[in-house]
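Colleague: I have a structure I would like to understand better, so I am pasting it below and will then ask my questions one at a time.
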Number of protein chains: 4
Amino acid sequence: MTDMEPMNTPDDGNATQPNPVRIALQSVLDASRAHDGGEVATYIPELAREDPEQLGVAIASMRGAVHAVGDSDAEFTIQSISKPFVFALALESRGLTDVRRHVGVEPSGEPFNAISVDEDSGRPFNPMINVGAIVTTSLAPGDTADEKFAHLRAGLNAFAGHELALDEAVYESESLTGDRNRALAYLAKSAGTLASLADVATDTYFRQCALWVTARDLAVMAATLATGGVNPLTGVRVVSENVARWTTAVMTGCGMYDASGEWLLQVGLPAKSGVGGGIVALQPEGFGIGTFSPRLDARGNSVRGVAMLEDLSQRHGLHMLGLRGTKLSPVGKVIAEGPGGTDTRAHLRGDLRFGGVEEVMARLRPEMESDGCVTLDFTDVTRVARPARQLMQWASDAAGETDTGQPKLVLHDPEGVLTS
Amino acid sequence: MTDMEPMNTPDDGNATQPNPVRIALQSVLDASRAHDGGEVATYIPELAREDPEQLGVAIASMRGAVHAVGDSDAEFTIQSISKPFVFALALESRGLTDVRRHVGVEPSGEPFNAISVDEDSGRPFNPMINVGAIVTTSLAPGDTADEKFAHLRAGLNAFAGHELALDEAVYESESLTGDRNRALAYLAKSAGTLASLADVATDTYFRQCALWVTARDLAVMAATLATGGVNPLTGVRVVSENVARWTTAVMTGCGMYDASGEWLLQVGLPAKSGVGGGIVALQPEGFGIGTFSPRLDARGNSVRGVAMLEDLSQRHGLHMLGLRGTKLSPVGKVIAEGPGGTDTRAHLRGDLRFGGVEEVMARLRPEMESDGCVTLDFTDVTRVARPARQLMQWASDAAGETDTGQPKLVLHDPEGVLTS
Amino acid sequence: MTDMEPMNTPDDGNATQPNPVRIALQSVLDASRAHDGGEVATYIPELAREDPEQLGVAIASMRGAVHAVGDSDAEFTIQSISKPFVFALALESRGLTDVRRHVGVEPSGEPFNAISVDEDSGRPFNPMINVGAIVTTSLAPGDTADEKFAHLRAGLNAFAGHELALDEAVYESESLTGDRNRALAYLAKSAGTLASLADVATDTYFRQCALWVTARDLAVMAATLATGGVNPLTGVRVVSENVARWTTAVMTGCGMYDASGEWLLQVGLPAKSGVGGGIVALQPEGFGIGTFSPRLDARGNSVRGVAMLEDLSQRHGLHMLGLRGTKLSPVGKVIAEGPGGTDTRAHLRGDLRFGGVEEVMARLRPEMESDGCVTLDFTDVTRVARPARQLMQWASDAAGETDTGQPKLVLHDPEGVLTS
Amino acid sequence: MTDMEPMNTPDDGNATQPNPVRIALQSVLDASRAHDGGEVATYIPELAREDPEQLGVAIASMRGAVHAVGDSDAEFTIQSISKPFVFALALESRGLTDVRRHVGVEPSGEPFNAISVDEDSGRPFNPMINVGAIVTTSLAPGDTADEKFAHLRAGLNAFAGHELALDEAVYESESLTGDRNRALAYLAKSAGTLASLADVATDTYFRQCALWVTARDLAVMAATLATGGVNPLTGVRVVSENVARWTTAVMTGCGMYDASGEWLLQVGLPAKSGVGGGIVALQPEGFGIGTFSPRLDARGNSVRGVAMLEDLSQRHGLHMLGLRGTKLSPVGKVIAEGPGGTDTRAHLRGDLRFGGVEEVMARLRPEMESDGCVTLDFTDVTRVARPARQLMQWASDAAGETDTGQPKLVLHDPEGVLTS
């Protein structure tokens with residue numbers, strides 16, 4: 001069961017009609033061309049041959065609409081962007097407790113290929129650095145690399161909403177030059193945290209990194225986390241809501257390696273980059289973003305991808321910790337009613353969370369202290385966050401009855417926002 | 001200028017009326033008594049004498065209402081909880097660029113007293129570990145410890161909304177046993193990142209850590225960050241909205257030392273703890289929380305404070321990355337109107353951000369592709385996030401005119417949510 | 001060509017005659033039984049089955065005499081004691097410059113299995129820790145593990161003076177549990193310092209560590225370094241004098257892992273230990289020592305082996321930096337001779353080095369300043385260190401002639417100690 | 001009581017007569033001018049003003065003769081070269097056990113100013129890096145910097161044989177720029193290993209580093225260690241023989257910071273360098289060397305000082321682990337004597353240590369197995385190392401008597417080399 005219906009409408013890829021989101025994307029894409037620094041990755045020949053001028057960005061909404069501009073359909077290898085999704089798949093198949101026995105969730109302040117393994121527990125610091133990602137990969141079901149990769153590929157396909165192709169040449173090159181990753185796998189193995197043979201883990205890892213994706217794919221994969229685990233294009237639940245949140249939390253803390261703190265300060269969107277030139281980012285309960293530009297900075301992050309995401313965040317207020325400006329009170333019109341006008345009807349509105357419930361009750365304290373009934377009308381409320389409903393119920397229970405034996409606080413909820 | 005009016009009403013401290021928030025706080029406070037592990041800090045005698053059973057929790061809302069239960073008015077020393085607020089004061093007086101020349105923002109995965117200084121730049125990794133906090137303290141205006149402390153104390157008072165008293169005995173004990181902090185100060189000094197004499201920085205730091213606060217104070221201080229820098233009790237702007245966001249970002253990434261990733265996974269509220277037994281936490285644009293319980297775990301975090309915050313987050317959905325459940329579409333009733341019913345009026349509702357604007361335009365694509373005018377009615381919209389207003393305007397501009405020369409997309413905004 | 005003739009006499013293994021060296025060995029062996037701490041290695045079952053009470057010690061002299069007591073003929077696996085000898089073989093086949101491109105010679109203050117690789121150069125800190133030893137092993141001629149092992153085994157055989165057997169069971173167990181060593185090999189490979197495939201290096205390494213030796217073998221191997229590279233039993237030169245000195249230097253600085261400084265302070269004999277229970281040590285230009293006792297301390301060094309070597313060093317003044325007490329002047333009788341007694345004949349004696357030549361010339365300054373000839377009689381001198389001969393020649397050249405045209409300083413050297 | 005008499009003769013400073021040691025020194029000094037790299041230290045202005053072309057080298061013998069060439073009487077500040085001597089003074093006043101509770105003896109593979117403190121014990125790794133040297137300094141008797149410095153200065157004067165002057169300007173500059181050293185002192189203080197207030201330790205340390213020395217002084221100071229603790233110029237015992245050996249051992253392992261292993265490989269003389277441009281080195285039981293040339297390499301070692309010492313070691317065979325070439329047997333003429341020629345008289349010669357005794361007994365085994373007496377004639381033996389005398393005695397005791405009741409093995413020692 002899923003929380004929402006996919007749109008089942010074609011996205012606007014061929015739409016000729018102007019759209020404000022596409023206008024926004026085109027604007028940040030154009031602006032990013034001013035950043036001409038960075039170099040394409042050269043550690044394997046396949047990456048070195050990439051056209052450095054390729055540039056694309058896409059956004060996928062919670063309802064499955066995809067807005068894409070530039071080279072959003074150009075294919076490149078997913079590389080490290082696979083890490084959060086494979087972590088999510090491990091959480092889904094093993095559960096949080098078991099996964100955390102094998103890998104931590106702490107930022108390490110270290111580069112992607114650091115030997116960040118806790119001395120006492122033998123656990124890699126987190127699943128976003130290579131050693132942690134290899135451990136995560138090893139947790140996939142199956143004994144062989146074929147079995148494990150089949151599982152992971154199916155999961156990644158589900159995140160993307162279609163079959164992802166394997167770049168055999170990249171896979172072979174990665175395997176040829178992958179000795180440091182083999183070292184990390186054997187370290188984890190000797191520390192007791194790898195869940196397979198070292199060769200099986202690295203071979204699977206090299207394959208998962210060599211899958212082809214597009215900026216559009218990344219947007220959809222990220223949107224699947226944003227929705228809480230349901231692919232908004234296909235309507236298929238890929239991972240549970242808890243898994244999506246845990247994954248997003250680890251991306252928030254560790255997604256950009258030793259620039260994670262900087263990213264949280266400036267951009268504030270959970271994200272993950274890859275040396276193939278892609279970056280994935282999302283706004284939880286908002287949308288997913290994918291970018292593609294092969295030129296990398298010294299830390300291995302796409303220069304123009306970073307620029308586009310910074311720009312989007314700053315110009316459109318996407319920072320997860322940013323304020324969104326003055327809000328009208330959740331309490332709209334308050335009307336005296338009933339015989340003698342001693343009762344009260346308060347029209348609530350907007351999106352209520354914990355703080356909103358608090359605000360409603362604070363605003364209506366005088367009415368609650370009077371003798372009459374108070375009716376809260378939820379007709380225009382778009383949502384009551386599930387955990388906040390408990391508060392509303394406590395308020396109602398605690399209010400008790402009026403002197404005339406009527407319920408003191410009545411909840412009028414014709415659209416079922418308190419129960420759906 | 002501030003974004004909101006303080007309530008100017010007494011908080012519910014003496015209220016006898018049941019209140020759902022107080023019910024929630026009492027519930028997590030009671031539950032936390034089951035956690036009887038941990039020890040009070042003993043490195044100075046003043047802390048060792050604390051009654052380990054003290055227990056309090058308070059929440060301060062954006063409008064300045066404070067809900068408090070248990071020993072929320074018991075005084076204890078602020079200790080490391082001063083760090084984010086002093087960082088905020090440094091940002092306010094120096095600006096982000098200058099502050100970042102002295103201290104980084106990256107999590108280090110290390111304990112509070114680690115020597116986490118970047119070898120190349122000489123900068124402490126972040127302002128939440130001791131060495132970074134001492135550098136932050138050194139950035140306060142003034143040459144002497146008296147001058148610097150006067151500035152910081154005034155700022156901390158403004159965050160709390162009243163005068164905070166100095167515990168002279170704790171200050172003297174901290175100073176007597178503070179050799180590791182002196183070492184860190186001299187390290188920063190020799191690396192060129194300390195902005196004062198080492199003794200001035202440590203003396204100021206020992207004083208700022210010895211200020212008395214209560215759980216109630218912490219809730220108000222956190223709420224001042226949650227509002228974007230305005231103390232909701234006093235209405236005074238303490239720091240700018242940018243500074244509040246930057247501070248919250250650093251708390252998110254680094255606030256709980258080497259358990260920051262774990263905290264982000266499980267609790268998801270920007271927070272900071274102190275060895276005095278306090279923890280401060282906040283939901284941006286939501287509320288501030290303060291807890292107090294002197295027994296500490298091995299990392300120096302209050303055992304019951306952690307338990308209460310985990311409980312609050314999980315039971316009431318406060319995790320910053322958590323989903324809040326199904327939301328009604330921001331597009332409510334859509335009515336055909338005008339001559340021949342070819343025009344459309346769409347009643348929007350709720351709280352619109354970037355994704356909401358996208359959703360509105362996606363929902364109304366058929367109407368936009370028809371011949372008539374489309375009027376978006378914002379009467380019931382509680383807020384349009386400021387950065388999203390640009391999108392709305394772009395949509396309107398791009399829509400152009402109908403064949404009859406009328407504006408295709410009309411924004412009807414009687415309450416001014418697009419402009420206020 | 002070698003510097004000395006082996007004795008070609010049976011050693012005293014079966015000698016019934018009391019011998020002071022055997023008395024000394026028996027004494028320290030008996031005393032070592034008081035040390036009953038430590039545990040046999042258990043990381044593989046073959047080691048765990050060793051009888052912990054086995055105890056032996058042997059000394060091999062520069063002339064090839066071997067004095068052995070206790071279980072000196074009990075076989076055990078050489079383990080890490082192979083490291084200095086394999087390093088010597090690499091120096092012999094590759095030269096110092098090439099070897100040092102692959103591995104450093106600095107102590108690291110870290111345990112045997114640490115990841116002590118220099119970040120800039122990628123070189124392991126030294127060849128006595130595992131990662132450095134694996135790199136050293138990879139430098140052996142040949143492409144396959146069979147070829148490399150054949151080369152190394154032949155070299156180790158030459159050091160020991162006979163064929164060393166391979167313990168197949170230990171080899172297989174080491175290989176099964178050797179993931180950390182594989183990690184180290186891949187790290188070195190990825191850093192560009194390993195000279196073979198990682199698997200080839202580790203497989204060779206596991207085999208070289210599984211060769212059987214006895215305390216007697218270790219004494220002979222060490223004596224081969226003490227002589228400057230010639231096996232004193234067989235008379236075969238195994239490595240050059242330079243290689244022997246370089247190897248001994250690295251054993252001095254790094255042979256006992258993170259206890260190397262302690263060892264240099266207390267024992268002062270270049271040494272190397274192995275988890276099989278053996279320790280090898282030597283006095284350069286003196287003799288070699290081998291000990292065997294399987295119980296290991298926390299650092300992996302044989303408890304009783306350490307005790308015996310400490311005892312030997314302290315009771316018999318073997319510390320390389322220790323003083324040996326008052327020495328007679330190298331100038332014995334000084335006799336006036338010649339017509340009128342104006343010439344001088346000085347009888348030199350003992351073993352002259354740089355300081356001895358200085359002392360001779362200082363003692364004879366009055367005679368050198370007189371008018372007559374001075375004859376230095378080397379008849380009773382046992383040795384003039386080769387590099388000191390240059391000084392003697394300079395003294396003679398600089399002295400010039402007497403007023404009567406005679407050489408001022410005459411070197412009378414009937415046994416050729418200045419030229420042999 | 002001392003082991004040797006000082007010469008009480010003026011050294012050769014003014015000697016016009018050619019001397020082979022001076023020829024050797026002049027030769028390496030001249031050759032070192034080819035090394036024109038490096039820079040004088042600039043971290044304080046006083047050092048930056050040094051004439052970079054100054055160049056001197058001196059050797060002091062065990063008998064107190066000093067050979068000096070170049071700028072051997074130019075004064076410069078002792079800096080880190082004080083470290084081994086202050087360590088020796090701490091050992092002398094506190095004993096090894098107590099000193100080792102405060103500081104370790106392990107090389108750390110790290111630069112001079114590293115924070116090399118063992119996490120568990122809080123002890124600095126060794127007394128040759130700054131943090132360890134500051135701890136060593138703190139161990140001096142007295143509570144104030146004045147008292148401690150008075151003690152240390154008296155000790156350093158005794159090592160040098162005269163009063164060393166304090167460069168007040170350097171002391172003040174070091175103090176002004178010494179924040180990293182203050183940091184290290186406070187770290188040690190907080191770890192419980194500093195034996196004084198932090199300020200007292202650093203102030204004393206800055207003063208001890210600012211004492212003026214010359215290359216000649218350094219040679220004498222080193223010679224005082226080489227003799228086993230007696231200043232060969234003054235005849236005064238400064239430290240015990242054990243302390244001299246322990247100090248030399250630590251110089252061997254840790255004296256050249258992170259180039260200690262390299263130094264041991266290439267030079268093989270215990271040594272210590274300072275940023276003032278000096279290097280001190282010694283051959284135990286040989287002589288002391290001092291060099292001076294202000295230009296430093298990247299590690300802070302004098303470029304030409306290193307070159308001169310490498311040259312001296314290699315050209316004159318001074319490496320502590322080097323071989324000295326073929327030696328005549330310690331057994332010279334062996335003569336049949338006694339009635340019927342059944343007895344044997346063996347003329348021993350040279351310098352006998354443990355191995356020499358072994359060799360004597362091995363050579364004479366046939367005679368020992370015959371019926372007659374064997375007399376060992378020690379007349380021409382220059383020394384029997386004290387610990388080897390025990391062996392000689394055991395041999396004699398074990399030999400027992402002949403059938404005729406005579407002692408089997410007679411030790412004829414007219415000069416008392418077995419007992420003096």
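Ordering of the structure tokens sets the chain letters (A, B, ...), residue numbers begin anew at 1 in every chain, and ligands are numbered from 1 in the order given.
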Quick check: residues of chain A within 9 Å of chain C, only C-alpha atoms, returned as number ranges by chain.
Modeller: A: 177-191, 198
Colleague: Hey, can you spit out that residue selection with C-alpha atoms as a PDB file, in the first residue's frame?
Modeller:
```
ATOM      1  CA  THR A 177      42.234  -0.311 -10.678  1.00  0.00           C
ATOM      2  CA  GLY A 178      40.259  -1.144  -7.568  1.00  0.00           C
ATOM      3  CA  ASP A 179      43.049  -2.257  -5.254  1.00  0.00           C
ATOM      4  CA  ARG A 180      42.375   0.339  -2.609  1.00  0.00           C
ATOM      5  CA  ASN A 181      38.760  -0.775  -2.460  1.00  0.00           C
ATOM      6  CA  ARG A 182      39.950  -4.372  -2.192  1.00  0.00           C
ATOM      7  CA  ALA A 183      42.165  -3.286   0.693  1.00  0.00           C
ATOM      8  CA  LEU A 184      39.172  -1.689   2.397  1.00  0.00           C
ATOM      9  CA  ALA A 185      37.118  -4.844   1.865  1.00  0.00           C
ATOM     10  CA  TYR A 186      39.806  -7.037   3.422  1.00  0.00           C
ATOM     11  CA  LEU A 187      40.159  -4.615   6.328  1.00  0.00           C
ATOM     12  CA  ALA A 188      36.439  -4.836   6.980  1.00  0.00           C
ATOM     13  CA  LYS A 189      36.594  -8.596   6.551  1.00  0.00           C
ATOM     14  CA  SER A 190      39.402  -8.934   9.067  1.00  0.00           C
ATOM     15  CA  ALA A 191      37.514  -6.661  11.459  1.00  0.00           C
ATOM     16  CA  ALA A 198      36.002  -9.741   0.218  1.00  0.00           C
TER      17      ALA A 198
END
```
Colleague: Near Val213 (chain C), counting only C-alpha atoms, which residues have an atom at most 12 Å away, once you skip same-chain residues fewer than 2 positions from it, shown as a PDB file with N, CA and C atoms, in the first residue's frame?
Modeller:
```pdb
ATOM      1  N   ASP C  71      65.500 -26.588  24.903  1.00  0.00           N
ATOM      2  CA  ASP C  71      64.857 -27.106  23.696  1.00  0.00           C
ATOM      3  C   ASP C  71      65.318 -26.336  22.456  1.00  0.00           C
ATOM      4  N   SER C  72      66.597 -26.298  22.256  1.00  0.00           N
ATOM      5  CA  SER C  72      67.130 -25.494  21.149  1.00  0.00           C
ATOM      6  C   SER C  72      66.938 -26.168  19.812  1.00  0.00           C
ATOM      7  N   ASP C  73      66.542 -27.416  19.814  1.00  0.00           N
ATOM      8  CA  ASP C  73      66.316 -28.102  18.548  1.00  0.00           C
ATOM      9  C   ASP C  73      64.836 -28.341  18.286  1.00  0.00           C
ATOM     10  N   ALA C  74      63.996 -27.770  19.141  1.00  0.00           N
ATOM     11  CA  ALA C  74      62.551 -27.863  18.901  1.00  0.00           C
ATOM     12  C   ALA C  74      62.181 -26.952  17.742  1.00  0.00           C
ATOM     13  N   GLU C  75      61.337 -27.471  16.855  1.00  0.00           N
ATOM     14  CA  GLU C  75      60.975 -26.683  15.680  1.00  0.00           C
ATOM     15  C   GLU C  75      59.716 -25.853  15.915  1.00  0.00           C
ATOM     16  N   PHE C  76      59.719 -24.687  15.387  1.00  0.00           N
ATOM     17  CA  PHE C  76      58.543 -23.803  15.448  1.00  0.00           C
ATOM     18  C   PHE C  76      58.579 -22.941  14.184  1.00  0.00           C
ATOM     19  N   THR C  77      57.485 -22.243  13.926  1.00  0.00           N
ATOM     20  CA  THR C  77      57.450 -21.444  12.684  1.00  0.00           C
ATOM     21  C   THR C  77      58.119 -20.089  12.899  1.00  0.00           C
ATOM     22  N   ILE C  78      58.822 -19.677  11.877  1.00  0.00           N
ATOM     23  CA  ILE C  78      59.667 -18.474  11.970  1.00  0.00           C
ATOM     24  C   ILE C  78      58.853 -17.198  12.095  1.00  0.00           C
ATOM     25  N   GLN C  79      57.679 -17.194  11.449  1.00  0.00           N
ATOM     26  CA  GLN C  79      56.788 -16.021  11.501  1.00  0.00           C
ATOM     27  C   GLN C  79      57.538 -14.718  11.204  1.00  0.00           C
ATOM     28  N   ILE C  81      60.025 -13.315  12.317  1.00  0.00           N
ATOM     29  CA  ILE C  81      61.489 -13.305  12.343  1.00  0.00           C
ATOM     30  C   ILE C  81      62.048 -13.406  10.928  1.00  0.00           C
ATOM     31  N   SER C  82      61.204 -13.850   9.995  1.00  0.00           N
ATOM     32  CA  SER C  82      61.659 -13.860   8.602  1.00  0.00           C
ATOM     33  C   SER C  82      61.858 -12.449   8.059  1.00  0.00           C
ATOM     34  N   LEU C 156      66.804 -17.939   2.863  1.00  0.00           N
ATOM     35  CA  LEU C 156      66.659 -18.241   4.291  1.00  0.00           C
ATOM     36  C   LEU C 156      67.444 -19.501   4.645  1.00  0.00           C
ATOM     37  N   ASN C 157      67.423 -20.481   3.748  1.00  0.00           N
ATOM     38  CA  ASN C 157      68.239 -21.678   3.948  1.00  0.00           C
ATOM     39  C   ASN C 157      69.711 -21.312   4.084  1.00  0.00           C
ATOM     40  N   PHE C 159      70.954 -18.493   5.098  1.00  0.00           N
ATOM     41  CA  PHE C 159      71.165 -17.861   6.407  1.00  0.00           C
ATOM     42  C   PHE C 159      71.278 -18.926   7.507  1.00  0.00           C
ATOM     43  N   ALA C 160      70.410 -19.952   7.411  1.00  0.00           N
ATOM     44  CA  ALA C 160      70.372 -20.964   8.474  1.00  0.00           C
ATOM     45  C   ALA C 160      71.438 -22.031   8.295  1.00  0.00           C
ATOM     46  N   GLY C 161      71.871 -22.212   7.063  1.00  0.00           N
ATOM     47  CA  GLY C 161      72.894 -23.217   6.813  1.00  0.00           C
ATOM     48  C   GLY C 161      72.349 -24.599   6.524  1.00  0.00           C
ATOM     49  N   HIS C 162      71.041 -24.700   6.364  1.00  0.00           N
ATOM     50  CA  HIS C 162      70.455 -25.986   5.956  1.00  0.00           C
ATOM     51  C   HIS C 162      69.042 -25.729   5.426  1.00  0.00           C
ATOM     52  N   GLU C 163      68.399 -26.779   4.935  1.00  0.00           N
ATOM     53  CA  GLU C 163      67.059 -26.669   4.374  1.00  0.00           C
ATOM     54  C   GLU C 163      66.019 -26.479   5.472  1.00  0.00           C
ATOM     55  N   LEU C 164      65.220 -25.444   5.348  1.00  0.00           N
ATOM     56  CA  LEU C 164      64.130 -25.238   6.305  1.00  0.00           C
ATOM     57  C   LEU C 164      62.852 -25.840   5.744  1.00  0.00           C
ATOM     58  N   ALA C 165      62.126 -26.580   6.574  1.00  0.00           N
ATOM     59  CA  ALA C 165      60.892 -27.232   6.117  1.00  0.00           C
ATOM     60  C   ALA C 165      59.702 -26.291   6.247  1.00  0.00           C
ATOM     61  N   LEU C 166      58.725 -26.503   5.368  1.00  0.00           N
ATOM     62  CA  LEU C 166      57.506 -25.686   5.407  1.00  0.00           C
ATOM     63  C   LEU C 166      56.425 -26.421   6.199  1.00  0.00           C
ATOM     64  N   ASP C 167      55.791 -25.711   7.148  1.00  0.00           N
ATOM     65  CA  ASP C 167      54.667 -26.289   7.889  1.00  0.00           C
ATOM     66  C   ASP C 167      53.401 -25.986   7.094  1.00  0.00           C
ATOM     67  N   GLN C 208      56.525 -17.886   3.702  1.00  0.00           N
ATOM     68  CA  GLN C 208      57.817 -17.599   4.346  1.00  0.00           C
ATOM     69  C   GLN C 208      57.664 -17.604   5.865  1.00  0.00           C
ATOM     70  N   CYS C 209      56.474 -17.205   6.342  1.00  0.00           N
ATOM     71  CA  CYS C 209      56.240 -17.167   7.790  1.00  0.00           C
ATOM     72  C   CYS C 209      56.052 -18.566   8.372  1.00  0.00           C
ATOM     73  N   ALA C 210      55.758 -19.544   7.522  1.00  0.00           N
ATOM     74  CA  ALA C 210      55.436 -20.892   8.001  1.00  0.00           C
ATOM     75  C   ALA C 210      56.626 -21.841   7.923  1.00  0.00           C
ATOM     76  N   LEU C 211      57.813 -21.317   7.713  1.00  0.00           N
ATOM     77  CA  LEU C 211      59.008 -22.174   7.700  1.00  0.00           C
ATOM     78  C   LEU C 211      59.400 -22.543   9.125  1.00  0.00           C
ATOM     79  N   ALA C 215      65.807 -22.676  17.741  1.00  0.00           N
ATOM     80  CA  ALA C 215      66.599 -21.623  18.381  1.00  0.00           C
ATOM     81  C   ALA C 215      68.031 -21.666  17.830  1.00  0.00           C
ATOM     82  N   ARG C 216      68.522 -22.853  17.606  1.00  0.00           N
ATOM     83  CA  ARG C 216      69.861 -23.015  17.021  1.00  0.00           C
ATOM     84  C   ARG C 216      69.926 -22.364  15.628  1.00  0.00           C
ATOM     85  N   ASP C 217      68.907 -22.609  14.813  1.00  0.00           N
ATOM     86  CA  ASP C 217      68.875 -21.977  13.487  1.00  0.00           C
ATOM     87  C   ASP C 217      68.913 -20.455  13.610  1.00  0.00           C
ATOM     88  N   LEU C 218      68.110 -19.939  14.517  1.00  0.00           N
ATOM     89  CA  LEU C 218      68.047 -18.482  14.657  1.00  0.00           C
ATOM     90  C   LEU C 218      69.408 -17.922  15.060  1.00  0.00           C
ATOM     91  N   ALA C 219      70.098 -18.640  15.940  1.00  0.00           N
ATOM     92  CA  ALA C 219      71.430 -18.179  16.350  1.00  0.00           C
ATOM     93  C   ALA C 219      72.367 -18.105  15.147  1.00  0.00           C
ATOM     94  N   VAL C 220      72.299 -19.112  14.300  1.00  0.00           N
ATOM     95  CA  VAL C 220      73.172 -19.118  13.121  1.00  0.00           C
ATOM     96  C   VAL C 220      72.765 -18.028  12.130  1.00  0.00           C
ATOM     97  N   MET C 221      71.479 -17.839  11.944  1.00  0.00           N
ATOM     98  CA  MET C 221      71.005 -16.793  11.027  1.00  0.00           C
ATOM     99  C   MET C 221      71.470 -15.421  11.509  1.00  0.00           C
ATOM    100  N   GLY C 274      58.949 -13.208  16.834  1.00  0.00           N
ATOM    101  CA  GLY C 274      57.865 -13.779  16.030  1.00  0.00           C
ATOM    102  C   GLY C 274      56.826 -14.428  16.925  1.00  0.00           C
ATOM    103  N   GLY C 276      55.559 -17.188  16.722  1.00  0.00           N
ATOM    104  CA  GLY C 276      55.822 -18.610  16.934  1.00  0.00           C
ATOM    105  C   GLY C 276      56.563 -18.843  18.237  1.00  0.00           C
ATOM    106  N   GLY C 277      57.065 -17.780  18.845  1.00  0.00           N
ATOM    107  CA  GLY C 277      57.748 -17.922  20.135  1.00  0.00           C
ATOM    108  C   GLY C 277      59.246 -17.689  20.052  1.00  0.00           C
ATOM    109  N   GLY C 278      59.756 -17.450  18.863  1.00  0.00           N
ATOM    110  CA  GLY C 278      61.193 -17.227  18.707  1.00  0.00           C
ATOM    111  C   GLY C 278      61.563 -15.765  18.815  1.00  0.00           C
ATOM    112  N   ILE C 279      62.819 -15.528  19.182  1.00  0.00           N
ATOM    113  CA  ILE C 279      63.421 -14.200  19.062  1.00  0.00           C
ATOM    114  C   ILE C 279      64.831 -14.404  18.533  1.00  0.00           C
ATOM    115  N   VAL C 280      65.218 -13.531  17.617  1.00  0.00           N
ATOM    116  CA  VAL C 280      66.567 -13.558  17.109  1.00  0.00           C
ATOM    117  C   VAL C 280      67.239 -12.256  17.540  1.00  0.00           C
ATOM    118  N   GLY C 290      69.610 -17.091  19.434  1.00  0.00           N
ATOM    119  CA  GLY C 290      68.236 -17.479  19.150  1.00  0.00           C
ATOM    120  C   GLY C 290      67.583 -17.976  20.419  1.00  0.00           C
ATOM    121  N   THR C 291      66.327 -17.567  20.646  1.00  0.00           N
ATOM    122  CA  THR C 291      65.614 -18.084  21.818  1.00  0.00           C
ATOM    123  C   THR C 291      64.276 -18.644  21.362  1.00  0.00           C
ATOM    124  N   PHE C 292      63.708 -19.532  22.182  1.00  0.00           N
ATOM    125  CA  PHE C 292      62.397 -20.106  21.878  1.00  0.00           C
ATOM    126  C   PHE C 292      61.634 -20.371  23.162  1.00  0.00           C
TER     127      PHE C 292
END
```
Colleague: Set the distance at 10 Å and use only C-alpha atoms: which residues neighbour Pro407 (chain A) once local chain neighbours fewer than 6 positions away are removed? I'd like the list as number ranges by chain.
Modeller: A: 372-375, 396-397, 399-401
Colleague: Report as a VMD selection string all protein, DNA and RNA residues lying within 10 Å of Gly300 (chain B), evaluated on only C-alpha atoms, omitting residues in the same chain fewer than 5 positions from it.
Modeller: chain B and resid 38 to 41 111 to 112 256 to 257 273 to 277 294 to 295
Colleague: Residues near Met368 (chain C), anyone? I mean within 12 Å using only C-alpha atoms, not counting same-chain ones fewer than 3 positions away, as a VMD selection string.
Modeller: (chain C and resid 342 to 346 360 to 365 371 to 376 395 to 396 398 to 402 407 to 410) or (chain D and resid 17 to 19)
Colleague: Which residues, written as a ChimeraX atom specification, have at least one atom at most 8 Å from Thr227 (chain D), with only C-alpha atoms counted and residues fewer than 4 positions away on the same chain left out?
Modeller: /C:323 /D:62,223,231-232,284-287
